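Shown next, in C-alpha coordinates, is the structure this report addresses.
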Amino acid sequence: MKSPMLPAEHQVAVQRTLFLGRSGDPAALPELIGLLKLPSNEVQRLAASAIGKLAGFGADAGKAVAALAPLARQARHPQTQPYAIRALKAYGAAAQAHVNDLRDVARNPAHRDYVRAAAKTAADAIELAAQDAAAGGRHRCQRCNATVAADEHARSQQ
(Lines give C-alpha, C1' and ligand atoms only; values in the text may rest on other atoms or scores of the structure.)
Protein backbone atom coordinates (compact mmCIF):
# COMPACT_ATOMS: atom_id res chain seq x y z
CA MET A 1 0.00 0.00 0.00
CA LYS A 2 1.36 3.44 -0.90
CA SER A 3 2.07 5.75 1.97
CA PRO A 4 3.40 9.31 2.13
CA MET A 5 5.73 8.11 4.89
CA LEU A 6 9.19 6.72 4.31
CA PRO A 7 8.95 2.93 3.88
CA ALA A 8 10.99 2.13 6.99
CA GLU A 9 8.97 4.56 9.15
CA HIS A 10 5.74 3.22 7.72
CA GLN A 11 6.67 -0.36 8.50
CA VAL A 12 7.70 0.53 12.06
CA ALA A 13 4.39 2.36 12.59
CA VAL A 14 2.38 -0.59 11.20
CA GLN A 15 4.20 -3.09 13.44
CA ARG A 16 3.84 -0.86 16.50
CA THR A 17 0.12 -0.38 15.86
CA LEU A 18 -0.39 -4.12 15.46
CA PHE A 19 1.52 -4.78 18.68
CA LEU A 20 -0.50 -2.23 20.65
CA GLY A 21 -3.77 -3.56 19.26
CA ARG A 22 -2.93 -7.10 20.25
CA SER A 23 -1.71 -6.11 23.71
CA GLY A 24 -5.15 -5.43 25.17
CA ASP A 25 -3.55 -2.79 27.37
CA PRO A 26 -5.75 0.29 27.90
CA ALA A 27 -2.59 2.29 28.68
CA ALA A 28 -1.77 2.05 24.95
CA LEU A 29 -4.67 4.38 24.09
CA PRO A 30 -2.67 7.66 24.02
CA GLU A 31 -0.06 6.17 21.70
CA LEU A 32 -2.77 4.76 19.41
CA ILE A 33 -4.45 8.16 19.31
CA GLY A 34 -1.11 9.61 18.22
CA LEU A 35 -0.83 6.98 15.50
CA LEU A 36 -4.24 8.07 14.15
CA LYS A 37 -2.59 11.34 13.16
CA LEU A 38 0.06 9.79 10.92
CA PRO A 39 -0.41 10.34 7.18
CA SER A 40 -0.64 6.62 6.37
CA ASN A 41 -4.15 5.35 5.72
CA GLU A 42 -3.07 1.84 6.67
CA VAL A 43 -1.75 2.98 10.04
CA GLN A 44 -4.91 5.00 10.65
CA ARG A 45 -7.07 1.97 9.87
CA LEU A 46 -5.06 -0.28 12.16
CA ALA A 47 -5.03 2.30 14.96
CA ALA A 48 -8.80 2.83 14.75
CA SER A 49 -9.34 -0.92 14.90
CA ALA A 50 -6.98 -1.25 17.86
CA ILE A 51 -8.75 1.55 19.74
CA GLY A 52 -12.03 -0.27 19.19
CA LYS A 53 -10.53 -3.47 20.59
CA LEU A 54 -9.43 -1.63 23.74
CA ALA A 55 -13.06 -0.78 24.57
CA GLY A 56 -13.46 -4.24 26.08
CA PHE A 57 -10.34 -3.77 28.22
CA GLY A 58 -11.47 -0.58 29.94
CA ALA A 59 -9.79 2.09 27.83
CA ASP A 60 -10.84 5.69 28.56
CA ALA A 61 -14.05 5.93 26.54
CA GLY A 62 -14.11 9.73 26.46
CA LYS A 63 -10.63 10.02 24.96
CA ALA A 64 -11.22 7.17 22.52
CA VAL A 65 -14.54 8.56 21.29
CA ALA A 66 -13.06 12.06 20.90
CA ALA A 67 -10.23 10.64 18.78
CA LEU A 68 -12.43 8.39 16.64
CA ALA A 69 -15.34 10.76 15.96
CA PRO A 70 -13.57 12.97 13.37
CA LEU A 71 -12.46 9.91 11.38
CA ALA A 72 -15.94 8.42 11.63
CA ARG A 73 -17.40 11.60 10.12
CA GLN A 74 -14.83 11.98 7.35
CA ALA A 75 -11.56 10.18 6.70
CA ARG A 76 -9.01 10.83 3.96
CA HIS A 77 -9.47 7.31 2.63
CA PRO A 78 -12.90 5.65 2.38
CA GLN A 79 -11.61 2.36 3.79
CA THR A 80 -10.43 4.06 6.98
CA GLN A 81 -13.84 5.50 7.82
CA PRO A 82 -15.72 2.23 8.51
CA TYR A 83 -12.94 1.10 10.85
CA ALA A 84 -13.37 4.29 12.87
CA ILE A 85 -17.16 3.87 12.79
CA ARG A 86 -16.98 0.27 14.05
CA ALA A 87 -14.51 1.29 16.75
CA LEU A 88 -16.84 4.09 17.83
CA LYS A 89 -19.65 1.55 18.02
CA ALA A 90 -17.57 -0.52 20.47
CA TYR A 91 -17.77 2.34 22.99
CA GLY A 92 -21.57 2.15 23.01
CA ALA A 93 -23.34 4.76 25.12
CA ALA A 94 -20.13 6.81 25.47
CA ALA A 95 -20.46 7.67 21.76
CA GLN A 96 -24.07 8.81 22.04
CA ALA A 97 -23.19 12.43 21.24
CA HIS A 98 -22.12 11.34 17.74
CA VAL A 99 -25.24 9.43 16.71
CA ASN A 100 -26.54 12.35 14.62
CA ASP A 101 -23.21 12.57 12.80
CA LEU A 102 -23.38 8.85 12.06
CA ARG A 103 -26.96 9.21 10.82
CA ASP A 104 -25.78 12.03 8.51
CA VAL A 105 -23.04 9.78 7.13
CA ALA A 106 -25.57 6.97 6.63
CA ARG A 107 -27.87 9.26 4.62
CA ASN A 108 -25.17 10.92 2.55
CA PRO A 109 -25.04 9.44 -0.98
CA ALA A 110 -21.53 10.86 -1.44
CA HIS A 111 -20.20 8.16 0.90
CA ARG A 112 -19.66 4.62 -0.32
CA ASP A 113 -22.34 2.03 0.42
CA TYR A 114 -20.23 0.10 2.92
CA VAL A 115 -19.45 3.31 4.83
CA ARG A 116 -23.13 4.26 4.93
CA ALA A 117 -24.13 0.76 6.09
CA ALA A 118 -21.50 0.79 8.85
CA ALA A 119 -22.68 4.23 10.01
CA LYS A 120 -26.31 3.14 10.18
CA THR A 121 -25.47 -0.04 12.09
CA ALA A 122 -23.25 1.85 14.52
CA ALA A 123 -25.82 4.59 15.13
CA ASP A 124 -28.50 1.98 15.87
CA ALA A 125 -26.20 0.06 18.22
CA ILE A 126 -25.06 3.19 20.06
CA GLU A 127 -28.66 4.35 20.57
CA LEU A 128 -29.58 0.92 21.89
CA ALA A 129 -26.59 0.91 24.26
CA ALA A 130 -27.60 4.36 25.52
CA GLN A 131 -31.16 3.15 26.13
CA ASP A 132 -29.87 0.09 27.93
CA ALA A 133 -27.57 2.21 30.08
CA ALA A 134 -30.47 4.51 30.98
CA ALA A 135 -32.63 1.49 31.83
CA GLY A 136 -30.21 0.13 34.36
CA GLY A 137 -27.27 -1.37 32.52
CA ARG A 138 -28.75 -4.23 30.51
CA HIS A 139 -26.40 -5.96 28.10
CA ARG A 140 -27.12 -7.39 24.65
CA CYS A 141 -25.61 -10.07 22.48
CA GLN A 142 -23.57 -8.50 19.65
CA ARG A 143 -24.75 -11.12 17.18
CA CYS A 144 -28.48 -11.51 17.85
CA ASN A 145 -29.26 -8.45 20.01
CA ALA A 146 -30.89 -10.58 22.72
CA THR A 147 -30.65 -9.38 26.31
CA VAL A 148 -27.99 -11.26 28.29
CA ALA A 149 -27.41 -11.57 32.02
CA ALA A 150 -24.68 -9.48 33.64
CA ASP A 151 -22.56 -12.52 34.51
CA GLU A 152 -22.78 -13.84 30.96
CA HIS A 153 -21.76 -10.43 29.63
CA ALA A 154 -18.81 -10.34 32.04
CA ARG A 155 -17.66 -13.79 30.82
CA SER A 156 -17.90 -12.67 27.20
CA GLN A 157 -15.66 -9.68 27.90
CA GLN A 158 -12.83 -11.82 29.31
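Every chain in the C-alpha coordinates has a letter given in the order shown (A, B, ...), and although residue numbers restart at 1 in each chain, ligands are simply numbered from 1 in the order shown.
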Quiz prompt | Shell of 12 Å around range 20-35 of chain A, only C-alpha atoms, local chain residues under 6 positions omitted, as a ChimeraX atom specification | solution = /A:9-10,12-14,41-71,84,157-158
Find the residues around range 127-129 of chain A up to 12 Å (only C-alpha atoms counted), leave out those fewer than 3 positions away in its own chain, and share them as a CSV table (one decimal) with N, CA and C atoms, in the first residue's frame.
```
chain,number,residue,atom,x,y,z
A,89,LYS,N,-18.5,2.4,17.6
A,89,LYS,CA,-19.7,1.5,18.0
A,89,LYS,C,-19.3,0.7,19.2
A,90,ALA,N,-18.0,0.3,19.3
A,90,ALA,CA,-17.6,-0.5,20.5
A,90,ALA,C,-17.7,0.2,21.8
A,91,TYR,N,-17.7,1.5,21.8
A,91,TYR,CA,-17.8,2.3,23.0
A,91,TYR,C,-19.2,2.6,23.4
A,92,GLY,N,-20.2,2.1,22.6
A,92,GLY,CA,-21.6,2.2,23.0
A,92,GLY,C,-22.1,3.5,23.4
A,93,ALA,N,-22.7,3.6,24.6
A,93,ALA,CA,-23.3,4.8,25.1
A,93,ALA,C,-22.4,6.0,25.2
A,94,ALA,N,-21.1,5.7,25.4
A,94,ALA,CA,-20.1,6.8,25.5
A,94,ALA,C,-20.1,7.6,24.2
A,95,ALA,N,-20.5,7.0,23.1
A,95,ALA,CA,-20.5,7.7,21.8
A,95,ALA,C,-21.8,8.3,21.4
A,96,GLN,N,-22.7,8.3,22.3
A,96,GLN,CA,-24.1,8.8,22.0
A,96,GLN,C,-24.1,10.2,21.4
A,97,ALA,N,-23.2,11.1,21.8
A,97,ALA,CA,-23.2,12.4,21.2
A,97,ALA,C,-22.9,12.5,19.7
A,98,HIS,N,-22.5,11.4,19.2
A,98,HIS,CA,-22.1,11.3,17.7
A,98,HIS,C,-23.1,10.6,16.9
A,99,VAL,N,-24.2,10.2,17.5
A,99,VAL,CA,-25.2,9.4,16.7
A,99,VAL,C,-25.8,10.2,15.5
A,100,ASN,N,-26.0,11.5,15.7
A,100,ASN,CA,-26.5,12.3,14.6
A,100,ASN,C,-25.5,12.5,13.5
A,102,LEU,N,-23.3,10.1,12.7
A,102,LEU,CA,-23.4,8.8,12.1
A,102,LEU,C,-24.6,8.7,11.2
A,103,ARG,N,-25.7,9.2,11.6
A,103,ARG,CA,-27.0,9.2,10.8
A,103,ARG,C,-26.8,10.0,9.6
A,120,LYS,N,-24.9,3.4,9.7
A,120,LYS,CA,-26.3,3.1,10.2
A,120,LYS,C,-26.3,2.1,11.3
A,121,THR,N,-25.6,1.0,11.1
A,121,THR,CA,-25.5,0.0,12.1
A,121,THR,C,-24.9,0.5,13.4
A,122,ALA,N,-23.9,1.3,13.3
A,122,ALA,CA,-23.2,1.8,14.5
A,122,ALA,C,-24.2,2.8,15.2
A,123,ALA,N,-24.9,3.6,14.5
A,123,ALA,CA,-25.8,4.6,15.1
A,123,ALA,C,-26.9,3.8,15.9
A,124,ASP,N,-27.5,2.8,15.2
A,124,ASP,CA,-28.5,2.0,15.9
A,124,ASP,C,-28.0,1.3,17.1
A,132,ASP,N,-30.1,1.1,26.9
A,132,ASP,CA,-29.9,0.1,27.9
A,132,ASP,C,-29.2,0.7,29.2
A,133,ALA,N,-28.3,1.6,29.0
A,133,ALA,CA,-27.6,2.2,30.1
A,133,ALA,C,-28.6,3.0,30.9
A,134,ALA,N,-29.5,3.7,30.3
A,134,ALA,CA,-30.5,4.5,31.0
A,134,ALA,C,-31.5,3.6,31.7
A,135,ALA,N,-31.7,2.4,31.2
A,135,ALA,CA,-32.6,1.5,31.8
A,135,ALA,C,-32.0,0.6,32.9
A,136,GLY,N,-30.8,0.9,33.3
A,136,GLY,CA,-30.2,0.1,34.4
A,136,GLY,C,-29.1,-0.8,34.0
A,137,GLY,N,-28.5,-0.6,32.9
A,137,GLY,CA,-27.3,-1.4,32.5
A,137,GLY,C,-27.5,-2.7,31.9
A,138,ARG,N,-28.6,-2.9,31.2
A,138,ARG,CA,-28.8,-4.2,30.5
A,138,ARG,C,-27.7,-4.4,29.5
A,139,HIS,N,-27.4,-5.6,29.1
A,139,HIS,CA,-26.4,-6.0,28.1
A,139,HIS,C,-27.1,-6.8,27.0
A,140,ARG,N,-26.6,-6.7,25.8
A,140,ARG,CA,-27.1,-7.4,24.7
A,140,ARG,C,-26.0,-8.2,23.9
A,141,CYS,N,-26.5,-9.3,23.3
A,141,CYS,CA,-25.6,-10.1,22.5
A,141,CYS,C,-25.3,-9.3,21.2
A,142,GLN,N,-24.0,-9.3,20.8
A,142,GLN,CA,-23.6,-8.5,19.6
A,142,GLN,C,-24.1,-9.1,18.4
A,145,ASN,N,-28.6,-9.6,19.3
A,145,ASN,CA,-29.3,-8.4,20.0
A,145,ASN,C,-30.2,-8.9,21.2
A,146,ALA,N,-30.1,-10.1,21.6
A,146,ALA,CA,-30.9,-10.6,22.7
A,146,ALA,C,-30.3,-10.1,24.0
A,147,THR,N,-31.1,-9.8,25.0
A,147,THR,CA,-30.7,-9.4,26.3
A,147,THR,C,-29.9,-10.5,27.0
```
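Remark: for Arg143 in chain A, the closest of the candidate residues A:Tyr114, A:Pro4, A:Ala125, A:Ala130 is A:Ala125 (distances computed over only C-alpha atoms).
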Quiz item: Rounded to one decimal in Å, what is the spacing between CA of Pro78 in chain A and CA of Ile126 in chain A?
Solution: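 One can read the CA of Pro78 in chain A to CA of Ile126 in chain A distance as 21.6 Å.
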Exercise. Going by DSSP on the backbone, which bits of range 30-156 of chain A are alpha helix (DSSP H)? Write them as a PyMOL selection string, please.
Key: chain A and resi 30-36+41-53+61-73+80-90+99-107+113-134+150-156
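Counting only C-alpha atoms and comparing A:Gln74, A:Thr17, A:Gln11, A:Gln79, the residue that lies closest to Asp104 in chain A is A:Gln74.
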Exercise. From the DSSP assignment of the backbone, select every residue of range 8-153 of chain A that is strand (DSSP E or B), and format the answer as number ranges by chain.
Key: A: 139-140, 147-148
Print the selection's residues with N, CA and C atoms to a file, as a PDB file, in the first residue's frame.
```
ATOM      1  N   HIS A 139     -27.392  -5.645  29.129  1.00  0.00           N
ATOM      2  CA  HIS A 139     -26.400  -5.959  28.101  1.00  0.00           C
ATOM      3  C   HIS A 139     -27.067  -6.787  27.015  1.00  0.00           C
ATOM      4  N   ARG A 140     -26.555  -6.667  25.786  1.00  0.00           N
ATOM      5  CA  ARG A 140     -27.119  -7.387  24.654  1.00  0.00           C
ATOM      6  C   ARG A 140     -26.046  -8.159  23.913  1.00  0.00           C
ATOM      7  N   THR A 147     -31.126  -9.817  25.004  1.00  0.00           N
ATOM      8  CA  THR A 147     -30.651  -9.380  26.309  1.00  0.00           C
ATOM      9  C   THR A 147     -29.929 -10.542  26.988  1.00  0.00           C
ATOM     10  N   VAL A 148     -28.759 -10.239  27.585  1.00  0.00           N
ATOM     11  CA  VAL A 148     -27.993 -11.264  28.286  1.00  0.00           C
ATOM     12  C   VAL A 148     -27.803 -10.842  29.744  1.00  0.00           C
TER      13      VAL A 148
END
```
